[in-house]
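Below is one structure; the comments refer to it alone.
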Amino acid sequence: MGVVAKDVGPVEGPALKFDRVSMVYPDGTEATRDVSFSVEPGEFVTIVGPSGCGKSTLLRIASGLLDPTGGSVEVDRQRLGYVFQDATLMPWRTVQGNVELLPELHGYTKGERQALATAAINLVGLNGFENHYPKTLSGGMKMRASLARTLTLRPPVFLFDEPFSAVDEITRMHLNEETQELFTNEGFAGLFITHSVGEAVFMSTRVLVMSARPGRLVAEFDVPFDYPREPDLRSDPQFAELSGMVSAALRGAYT
Amino acid sequence: MLADVAGPVLIFIAFLGFWYWLSYHGMAERRRFLVPPLHEVIHDGYLDWRNFSVMLKALWLTTQVALWGLGIAIVLGMTLAILMSQGRWIERSVWPYVVALQSIPILALVPLLGILFNYSFNARVIVCIIIAIFPIINNTLFGIQSVEAGHHDLFTLHHTSRLTRLRKLQLPAASPAIFAGFRISAGLSVIGAIVGDFFFRRGDKGIGILLDQYAARTTTIPRLYAATILAGALGYLVFSVFGLLRKAVIGKWHEAAEVPG
């Protein structure tokens, strides 16, 4: 893109590694129990699980927003991208201003910020909306702006906390297609949280199924499809079969 | 658009009609002097330069008191609120006194401030600050504390300093609440300036002293009306200026939920 993010070096070993991570909240709620898995560079792993099973807790622990009560996480937190459940755009900043925020917080110059933001806005297809305020954007566009904001720093590891759960089905499909396209082109390691099986299978290299609280990993599925994936993959019999298996595992996870 | 203008104009005409009816028919003969018709108010108060110049001078003094009071209340109030937002213990330590200051009837403090500060300009400004500072503190603090948790998380993830968080997140997020506070305090500052003046009854004449004097004699009652209208206009003007300021600074992204200023 002509713009290079700072502090980028080679990565060795897994991009993200959970080692027997447990979380018991002060009120006694046991959110997760002994969760272990890794995300290798170039992998897109999705965790599906019932609501309230501690999926989001795992991301908060991975990012350092929360300290686990047991186990540990290995990840380079200086280079972590986090896409929140809400777009969390600043209503007082335009799309451009919002996307420039992270480089701004990291002390990039105005010129660098603008270049990084322009590149990221192009990646998510929000060109032409740079000067719009968030209140004038649709839910899907807000999410794209939020993605662009995270993309500016070119993080090698991306955490997605159910980012598309609030948009309509068609928009969600588009965003899924765009996300796997970004994954294909940018080559980051992704950890995606969702309760939608279709979304999980469509984007991921691997799907993990989490049980109801306390959340434990109960099943794992490799997704064999090549990238970039086309929208009509969703009507492929193999896709349907795999989705069925994940759904069955998820049903089991509720009990 | 038409309704925006026509409505207020109709109400104004109705009000004038009621006023004239009161002046000529509504009041008993011997009490009629209490409600002089509008043209007498204008004639005595505004067209007679000797009277009008006295009022303008007093109004200017009151305006200065109100603006100084408001300005200091804004700086002091915001500083205090920002400090309080930086630590629970600071907030807990200071808040009871903020509430106490707000709860003491201002009239109870006016005589004390008068003797302490010798009925000076400063004494009037202090009355003004006391009456105007609470909405500034309250709204700034409330605004800063109602920043969304997700926004805080975003800044935490990027290891942002307190100052950067304050500048780039908390104050911008609080600005709608802060501007709402400004507007409430703007109105209060004019009230404070007049109240202080009115009860001091000495020192340089502001509009409050004039009101007191004009109310004392039957012949000056039209001037009492004229001065009251001027005081009201001043309050409205200061209130509106802050409404416009709000619109200029945050109007692009934030719509006012209140009446237009």
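A note on labels: chains of the structure tokens are A, B, ... as shown, every chain counts residues from 1, and ligands are counted from 1 in their shown order.
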
### Task
Compile the contact shell of A:Val201 as a ChimeraX atom specification: residues with an atom at most 12 Å away, counting only C-alpha atoms, same-chain residues fewer than 3 positions apart removed.
/A:44-48,173,176-177,180,192-198,204-209,220-225,229,233-234,236,238-247

#### Entry: Residue neighbourhood A:Phe188, 8 Å, only C-alpha atoms, exclusion window fewer than 2 positions, as a list in words
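Selected residues are Pro41, Gly42, Glu43, Pro155, Pro156, Val157, Phe158, Phe183, Glu186 and Gly190 of chain A.
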
### Message
Quick one: residues within 12 Å of A:Leu59, only C-alpha atoms, excluding same-chain residues fewer than 6 positions away - as JSON, numbers by chain?
### Response
{"A": [16, 17, 18, 21, 23, 32, 46, 47, 65, 66, 67, 68, 73, 75, 77, 80, 81, 82, 83, 84, 85, 157, 158, 159, 160, 161, 162, 190, 191, 192, 193, 194], "B": [157]}

Take the residues from that selection and write them out as an mmCIF file, in the first residue's frame, keeping N, CA and C atoms.
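Below is the file that was written, selection_25.cif:
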```
data_model
loop_
_atom_site.group_PDB
_atom_site.id
_atom_site.type_symbol
_atom_site.label_atom_id
_atom_site.label_comp_id
_atom_site.auth_asym_id
_atom_site.auth_seq_id
_atom_site.Cartn_x
_atom_site.Cartn_y
_atom_site.Cartn_z
ATOM 1 N N LEU A 16 -1.346 -16.459 18.564
ATOM 2 C CA LEU A 16 -2.149 -16.294 19.772
ATOM 3 C C LEU A 16 -2.293 -17.659 20.420
ATOM 4 N N LYS A 17 -1.990 -17.738 21.721
ATOM 5 C CA LYS A 17 -2.051 -19.046 22.369
ATOM 6 C C LYS A 17 -2.726 -18.940 23.737
ATOM 7 N N PHE A 18 -3.852 -19.674 23.883
ATOM 8 C CA PHE A 18 -4.537 -19.753 25.171
ATOM 9 C C PHE A 18 -4.069 -21.016 25.879
ATOM 10 N N VAL A 21 -6.962 -21.386 30.114
ATOM 11 C CA VAL A 21 -7.474 -20.112 30.635
ATOM 12 C C VAL A 21 -8.812 -20.317 31.333
ATOM 13 N N MET A 23 -11.744 -18.281 33.948
ATOM 14 C CA MET A 23 -12.147 -16.981 34.461
ATOM 15 C C MET A 23 -13.342 -17.143 35.388
ATOM 16 N N THR A 32 -15.340 -19.122 31.999
ATOM 17 C CA THR A 32 -14.682 -20.131 31.165
ATOM 18 C C THR A 32 -13.875 -21.055 32.056
ATOM 19 N N THR A 46 -12.730 -19.351 14.331
ATOM 20 C CA THR A 46 -13.963 -18.795 14.879
ATOM 21 C C THR A 46 -14.433 -19.650 16.047
ATOM 22 N N ILE A 47 -14.871 -18.976 17.092
ATOM 23 C CA ILE A 47 -15.482 -19.688 18.217
ATOM 24 C C ILE A 47 -16.981 -19.433 18.167
ATOM 25 N N LEU A 65 -7.654 -6.618 28.476
ATOM 26 C CA LEU A 65 -8.661 -5.802 29.156
ATOM 27 C C LEU A 65 -9.097 -6.469 30.459
ATOM 28 N N LEU A 66 -8.839 -7.779 30.534
ATOM 29 C CA LEU A 66 -9.271 -8.555 31.690
ATOM 30 C C LEU A 66 -8.157 -9.543 32.028
ATOM 31 N N ASP A 67 -7.862 -9.714 33.315
ATOM 32 C CA ASP A 67 -6.874 -10.714 33.724
ATOM 33 C C ASP A 67 -7.582 -12.014 34.063
ATOM 34 N N PRO A 68 -7.112 -13.144 33.518
ATOM 35 C CA PRO A 68 -7.773 -14.418 33.830
ATOM 36 C C PRO A 68 -7.471 -14.817 35.271
ATOM 37 N N VAL A 73 -2.253 -16.332 28.513
ATOM 38 C CA VAL A 73 -2.406 -16.094 27.081
ATOM 39 C C VAL A 73 -1.099 -15.537 26.552
ATOM 40 N N VAL A 75 0.395 -13.520 23.441
ATOM 41 C CA VAL A 75 0.095 -12.750 22.231
ATOM 42 C C VAL A 75 0.855 -11.437 22.318
ATOM 43 N N ARG A 77 0.647 -7.945 22.459
ATOM 44 C CA ARG A 77 -0.455 -6.989 22.667
ATOM 45 C C ARG A 77 -0.182 -5.632 22.036
ATOM 46 N N LEU A 80 -2.130 -5.741 18.312
ATOM 47 C CA LEU A 80 -3.384 -6.463 18.359
ATOM 48 C C LEU A 80 -4.503 -5.588 17.789
ATOM 49 N N GLY A 81 -5.280 -6.160 16.868
ATOM 50 C CA GLY A 81 -6.452 -5.434 16.375
ATOM 51 C C GLY A 81 -7.684 -5.972 17.074
ATOM 52 N N TYR A 82 -8.570 -5.079 17.498
ATOM 53 C CA TYR A 82 -9.760 -5.494 18.237
ATOM 54 C C TYR A 82 -10.970 -4.840 17.595
ATOM 55 N N VAL A 83 -11.874 -5.671 17.080
ATOM 56 C CA VAL A 83 -13.113 -5.123 16.513
ATOM 57 C C VAL A 83 -14.237 -5.436 17.496
ATOM 58 N N PHE A 84 -14.860 -4.369 17.995
ATOM 59 C CA PHE A 84 -15.853 -4.526 19.054
ATOM 60 C C PHE A 84 -17.216 -4.925 18.504
ATOM 61 N N GLN A 85 -18.050 -5.365 19.419
ATOM 62 C CA GLN A 85 -19.418 -5.739 19.076
ATOM 63 C C GLN A 85 -20.187 -4.540 18.514
ATOM 64 N N VAL A 157 -2.538 -9.700 14.297
ATOM 65 C CA VAL A 157 -3.570 -10.512 14.946
ATOM 66 C C VAL A 157 -4.834 -9.659 15.102
ATOM 67 N N PHE A 158 -5.959 -10.240 14.673
ATOM 68 C CA PHE A 158 -7.243 -9.544 14.736
ATOM 69 C C PHE A 158 -8.187 -10.289 15.660
ATOM 70 N N LEU A 159 -8.782 -9.578 16.609
ATOM 71 C CA LEU A 159 -9.823 -10.175 17.441
ATOM 72 C C LEU A 159 -11.159 -9.553 17.037
ATOM 73 N N PHE A 160 -12.158 -10.384 16.759
ATOM 74 C CA PHE A 160 -13.481 -9.880 16.373
ATOM 75 C C PHE A 160 -14.499 -10.342 17.407
ATOM 76 N N ASP A 161 -15.119 -9.388 18.092
ATOM 77 C CA ASP A 161 -16.083 -9.740 19.128
ATOM 78 C C ASP A 161 -17.514 -9.592 18.607
ATOM 79 N N GLU A 162 -18.036 -10.611 17.963
ATOM 80 C CA GLU A 162 -19.388 -10.586 17.382
ATOM 81 C C GLU A 162 -19.682 -9.272 16.674
ATOM 82 N N GLY A 190 -6.697 -14.397 12.560
ATOM 83 C CA GLY A 190 -7.959 -13.889 13.076
ATOM 84 C C GLY A 190 -8.582 -14.805 14.108
ATOM 85 N N LEU A 191 -9.146 -14.192 15.147
ATOM 86 C CA LEU A 191 -9.970 -14.951 16.094
ATOM 87 C C LEU A 191 -11.316 -14.250 16.139
ATOM 88 N N PHE A 192 -12.347 -14.967 15.686
ATOM 89 C CA PHE A 192 -13.664 -14.377 15.496
ATOM 90 C C PHE A 192 -14.661 -15.061 16.423
ATOM 91 N N ILE A 193 -15.460 -14.236 17.109
ATOM 92 C CA ILE A 193 -16.469 -14.766 18.026
ATOM 93 C C ILE A 193 -17.843 -14.539 17.411
ATOM 94 N N THR A 194 -18.691 -15.546 17.431
ATOM 95 C CA THR A 194 -20.038 -15.364 16.894
ATOM 96 C C THR A 194 -20.962 -16.423 17.459
ATOM 97 N N LEU B 157 -6.980 -0.275 25.301
ATOM 98 C CA LEU B 157 -6.218 -1.196 24.456
ATOM 99 C C LEU B 157 -4.984 -0.531 23.873
#
```

### Message
Need to verify the contact set: B:Ala173, 7 Å, only C-alpha atoms, exclusion of same-chain residues closer than 2 positions in sequence. Can you return it as a list in words?
### Response
Gly143, Ile144, Val147, Leu169, Gln170, Leu171 and Ser175 of chain B

### Query
Mind listing as a list in words which residues of chain A are within 9 Å of chain B, counting only C-alpha atoms?
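Therefore, the residues near the partner are Ser63, Gly64, Leu65, Arg77, Gln78, Leu80, Tyr82, Phe84, Gln85, Asp86, Ala87, Thr88, Leu89, Met90, Pro91, Trp92, Arg93, Thr94, Leu102, Leu105, His106, Tyr133, Pro134 and Lys135 of chain A.
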
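Atom CA of A:Gly70 sits 8.6 Å away from atom CA of A:Arg33.
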
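For the pair atom CA of B:Leu34 and atom CA of B:Pro222, the interatomic distance is 8.5 Å.
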
### Query
Using only C-alpha atoms, which of the listed residues (B:Thr62, B:Ser185, B:Gln86, B:Thr228) sits closest to B:Ala215?
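For B:Ala215, the nearest of the given residues is B:Thr228.
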
#### Entry: Residue set, stretch 110-208 of chain A restricted to strand (DSSP E), as a count of residues only
14

### Query
Can you tell me, as a ChimeraX atom specification, what residues are no more than 9 Å from stretch 121-134 of chain B when counting only C-alpha atoms, ignoring any on the same chain fewer than 3 positions away?
/B:61-62,64-74,76-78,98-99,101-102,106,109-110,113-118,137-139,181-182,184-197,200,203-204

Could you turn the residues from that selection into a file that holds N, CA and C atoms, as a compact mmCIF listing (two decimals), in the first residue's frame?
```txt
# COMPACT_ATOMS: atom_id res chain seq x y z
N LEU B 61 -23.14 47.48 33.52
CA LEU B 61 -22.47 46.99 34.73
C LEU B 61 -22.94 45.57 35.06
N THR B 62 -24.25 45.37 34.99
CA THR B 62 -24.82 44.05 35.29
C THR B 62 -24.31 43.00 34.30
N GLN B 64 -21.46 43.06 32.74
CA GLN B 64 -20.07 42.73 33.09
C GLN B 64 -20.00 41.78 34.27
N VAL B 65 -20.83 42.06 35.29
CA VAL B 65 -20.85 41.17 36.45
C VAL B 65 -21.24 39.77 36.03
N ALA B 66 -22.31 39.67 35.21
CA ALA B 66 -22.81 38.36 34.80
C ALA B 66 -21.76 37.62 33.99
N LEU B 67 -21.10 38.31 33.05
CA LEU B 67 -20.14 37.63 32.19
C LEU B 67 -18.89 37.21 32.96
N TRP B 68 -18.41 38.08 33.84
CA TRP B 68 -17.27 37.68 34.69
C TRP B 68 -17.64 36.48 35.54
N GLY B 69 -18.82 36.58 36.16
CA GLY B 69 -19.28 35.50 37.03
C GLY B 69 -19.40 34.20 36.25
N LEU B 70 -20.02 34.27 35.08
CA LEU B 70 -20.21 33.08 34.26
C LEU B 70 -18.87 32.52 33.81
N GLY B 71 -17.98 33.42 33.36
CA GLY B 71 -16.67 32.98 32.88
C GLY B 71 -15.89 32.26 33.97
N ILE B 72 -15.87 32.86 35.16
CA ILE B 72 -15.13 32.23 36.26
C ILE B 72 -15.82 30.93 36.68
N ALA B 73 -17.16 30.93 36.68
CA ALA B 73 -17.89 29.71 37.04
C ALA B 73 -17.56 28.59 36.06
N ILE B 74 -17.44 28.93 34.78
CA ILE B 74 -17.12 27.91 33.76
C ILE B 74 -15.72 27.34 33.99
N LEU B 76 -13.75 27.55 36.69
CA LEU B 76 -13.65 26.91 38.00
C LEU B 76 -14.45 25.61 38.05
N GLY B 77 -15.65 25.65 37.54
CA GLY B 77 -16.55 24.50 37.58
C GLY B 77 -16.01 23.35 36.76
N MET B 78 -15.52 23.66 35.55
CA MET B 78 -14.99 22.58 34.70
C MET B 78 -13.72 21.99 35.30
N VAL B 98 -20.06 20.67 47.15
CA VAL B 98 -20.71 21.20 45.95
C VAL B 98 -22.22 21.23 46.19
N VAL B 99 -22.75 20.14 46.74
CA VAL B 99 -24.18 20.08 47.02
C VAL B 99 -24.56 21.12 48.07
N LEU B 101 -23.10 23.97 48.71
CA LEU B 101 -23.06 25.30 48.09
C LEU B 101 -24.33 25.54 47.29
N GLN B 102 -24.78 24.48 46.60
CA GLN B 102 -25.97 24.57 45.78
C GLN B 102 -27.22 24.71 46.65
N ILE B 106 -29.26 31.44 48.10
CA ILE B 106 -28.31 32.48 47.76
C ILE B 106 -28.56 33.75 48.57
N LEU B 109 -26.65 34.10 51.70
CA LEU B 109 -25.22 34.41 51.57
C LEU B 109 -24.96 35.85 51.17
N VAL B 110 -25.95 36.47 50.51
CA VAL B 110 -25.72 37.80 49.94
C VAL B 110 -25.27 38.84 50.99
N LEU B 113 -21.63 38.13 51.95
CA LEU B 113 -20.68 38.48 50.89
C LEU B 113 -20.56 39.99 50.76
N GLY B 114 -21.69 40.68 50.99
CA GLY B 114 -21.69 42.14 50.91
C GLY B 114 -20.72 42.75 51.90
N ILE B 115 -20.83 42.34 53.16
CA ILE B 115 -19.94 42.96 54.15
C ILE B 115 -18.50 42.50 53.97
N LEU B 116 -18.33 41.22 53.60
CA LEU B 116 -16.95 40.70 53.43
C LEU B 116 -16.21 41.39 52.29
N PHE B 117 -16.91 41.66 51.24
CA PHE B 117 -16.23 42.24 50.06
C PHE B 117 -16.66 43.67 49.79
N ASN B 118 -17.20 44.28 50.82
CA ASN B 118 -17.47 45.71 50.77
C ASN B 118 -18.37 46.13 49.62
N ILE B 137 -20.50 22.22 37.04
CA ILE B 137 -19.84 21.08 37.69
C ILE B 137 -20.64 19.81 37.41
N ASN B 138 -21.93 19.89 37.67
CA ASN B 138 -22.80 18.73 37.55
C ASN B 138 -22.78 18.16 36.12
N ASN B 139 -22.97 19.03 35.14
CA ASN B 139 -23.06 18.55 33.76
C ASN B 139 -21.72 18.06 33.22
N GLY B 181 -25.12 22.63 30.23
CA GLY B 181 -24.80 23.29 31.51
C GLY B 181 -24.50 24.77 31.32
N PHE B 182 -23.73 25.09 30.27
CA PHE B 182 -23.40 26.49 29.96
C PHE B 182 -24.68 27.32 29.84
N ILE B 184 -27.76 26.74 30.95
CA ILE B 184 -28.49 26.91 32.21
C ILE B 184 -27.77 27.96 33.05
N SER B 185 -26.43 27.85 33.13
CA SER B 185 -25.65 28.78 33.95
C SER B 185 -25.68 30.19 33.39
N ALA B 186 -25.77 30.30 32.07
CA ALA B 186 -25.83 31.64 31.46
C ALA B 186 -27.05 32.39 31.99
N GLY B 187 -28.19 31.70 32.00
CA GLY B 187 -29.40 32.32 32.54
C GLY B 187 -29.24 32.65 34.02
N LEU B 188 -28.66 31.71 34.76
CA LEU B 188 -28.49 31.90 36.20
C LEU B 188 -27.54 33.06 36.50
N SER B 189 -26.51 33.23 35.66
CA SER B 189 -25.53 34.27 35.94
C SER B 189 -26.17 35.66 35.88
N VAL B 190 -27.11 35.84 34.97
CA VAL B 190 -27.81 37.13 34.89
C VAL B 190 -28.67 37.31 36.14
N ILE B 191 -29.34 36.25 36.54
CA ILE B 191 -30.13 36.31 37.78
C ILE B 191 -29.22 36.66 38.95
N GLY B 192 -28.07 35.99 39.04
CA GLY B 192 -27.13 36.23 40.13
C GLY B 192 -26.66 37.68 40.16
N ALA B 193 -26.36 38.21 38.98
CA ALA B 193 -25.87 39.59 38.92
C ALA B 193 -26.92 40.57 39.42
N ILE B 194 -28.18 40.29 39.08
CA ILE B 194 -29.25 41.20 39.50
C ILE B 194 -29.59 41.02 40.98
N VAL B 195 -29.61 39.77 41.42
CA VAL B 195 -29.94 39.49 42.83
C VAL B 195 -28.92 40.15 43.76
N GLY B 196 -27.64 39.96 43.46
CA GLY B 196 -26.59 40.55 44.29
C GLY B 196 -26.77 42.05 44.39
N ASP B 197 -26.92 42.66 43.25
CA ASP B 197 -27.08 44.09 43.15
C ASP B 197 -28.30 44.57 43.94
N PHE B 200 -27.73 44.21 47.75
CA PHE B 200 -26.66 45.03 48.30
C PHE B 200 -27.16 46.47 48.52
N GLY B 203 -23.04 50.62 46.43
CA GLY B 203 -22.01 50.39 45.43
C GLY B 203 -22.49 50.93 44.09
N ASP B 204 -21.71 50.65 43.03
CA ASP B 204 -22.10 51.12 41.70
C ASP B 204 -23.45 50.54 41.31
```

### Query
Which one of B:Arg162, B:Pro36, B:Phe179, B:Ile207 sits closest to B:Ser53 if you count only C-alpha atoms?
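Of all the options, B:Ile207 lies closest to B:Ser53.
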